[in-house]
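Below is one structure, written out as structure tokens; comments come after it.
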Amino acid sequence: MTPSRFVILHHLAPTGEHWDFMLEREDHLKTWQMRSEPISRAACPIGCTLIKDHRKQFLDYEGPISGGRGVVTRVDRGDYELLAADEDAWTVRLCGRRLDGDFRLLRTSPDSQSHWTFTAV
């Protein structure tokens, strides 16, 4: 079985900067937008927002985003193992250059599907 991949992209946009944390899921990338860079286990917790799925091409892409929406550069990438997932929490084991270990994405608001935190486990 081929391992699933993840990528973290730094997105410099006209409205500011953020980081996109993307997990490969079949034909798309499940994506959370992070307010700060997840550079190590010590950098956790980080507030993030679940956003629309992205195309898998972003696993290997760096450069301008169409429509003048900015530029992305890859911060980290590697393989991941999904340890547990439901509508309120995802636990993953990341094997990246910068992020290595177990992390949890946890939905923080019962009234919103989009508010999450990213923490080391």
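Going by the structure tokens order, chains are called A, B, ..., each with residues numbered from 1, while ligands are numbered from 1 in the order shown.
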
Those of region 37-101 of chain A in DSSP strand (DSSP E or B), formatted as a VMD selection string: chain A and resid 46 to 54 63 to 64 71 to 85 89 to 96 100 to 101

Helix (DSSP H, G or I) call set, DSSP backbone run, chain A, as a ChimeraX atom specification: /A:41-43,56-59,66-68

One residue among A:Leu12, A:Tyr80, A:Ile39, A:Tyr61 is nearest to Arg25 (chain A) when using only C-alpha atoms, and that residue is A:Tyr80

Best match for closeness to Phe103 (chain A) among A:Cys44, A:Lys56, A:Gly70, A:Trp116, counting only C-alpha atoms: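 Answer, going by the shortest atom-to-atom distance: A:Cys44.
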
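If you measure from each of A:Thr15, A:Thr49, A:Thr119, A:Ser109 to Thr91 (chain A) using only C-alpha atoms, the closest one turns out to be A:Thr119.
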
Would you please work out which residue, of A:Gly96, A:Thr117, A:Asp88, A:Asp60, is nearest to Arg35 (chain A) when using only C-alpha atoms? A:Thr117

Using only C-alpha atoms, determine which residues lie at most 12 Å from Leu106 (chain A), disregarding the query and same-chain residues fewer than 4 positions distant; provide the list as an mmCIF file with C-alpha atoms, in the first residue's frame.
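Everything below was put into part_19.cif:
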```
data_model
loop_
_atom_site.group_PDB
_atom_site.id
_atom_site.type_symbol
_atom_site.label_atom_id
_atom_site.label_comp_id
_atom_site.auth_asym_id
_atom_site.auth_seq_id
_atom_site.Cartn_x
_atom_site.Cartn_y
_atom_site.Cartn_z
ATOM 1 C CA TRP A 32 -6.644 23.536 6.825
ATOM 2 C CA PRO A 45 -1.040 24.673 19.324
ATOM 3 C CA ILE A 46 -1.947 26.624 16.206
ATOM 4 C CA GLY A 47 -5.369 27.953 15.321
ATOM 5 C CA CYS A 48 -6.576 26.845 11.910
ATOM 6 C CA THR A 49 -9.599 26.879 9.652
ATOM 7 C CA LEU A 50 -10.907 23.967 7.617
ATOM 8 C CA ALA A 84 -8.078 8.277 13.875
ATOM 9 C CA ALA A 85 -10.642 10.576 12.272
ATOM 10 C CA ASP A 86 -14.188 11.728 12.833
ATOM 11 C CA GLU A 87 -16.076 14.981 12.285
ATOM 12 C CA ASP A 88 -14.474 16.615 15.356
ATOM 13 C CA ALA A 89 -10.881 15.341 15.406
ATOM 14 C CA TRP A 90 -8.161 13.887 13.191
ATOM 15 C CA THR A 91 -5.031 12.294 14.646
ATOM 16 C CA VAL A 92 -2.118 11.828 12.247
ATOM 17 C CA PRO A 110 -19.619 23.034 18.077
ATOM 18 C CA GLN A 113 -17.276 23.163 11.036
ATOM 19 C CA SER A 114 -14.365 25.457 10.199
ATOM 20 C CA HIS A 115 -12.684 26.361 13.558
ATOM 21 C CA TRP A 116 -9.901 23.943 14.545
ATOM 22 C CA THR A 117 -6.570 23.742 16.375
ATOM 23 C CA PHE A 118 -3.437 21.822 15.412
ATOM 24 C CA THR A 119 -1.544 20.373 18.382
ATOM 25 C CA ALA A 120 1.205 17.895 19.110
ATOM 26 C CA VAL A 121 -0.023 14.738 20.820
#
```

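Atom pair CA of Met34 (chain A) / CA of Arg77 (chain A) has a distance of 15.4 Å (rounded to one decimal).
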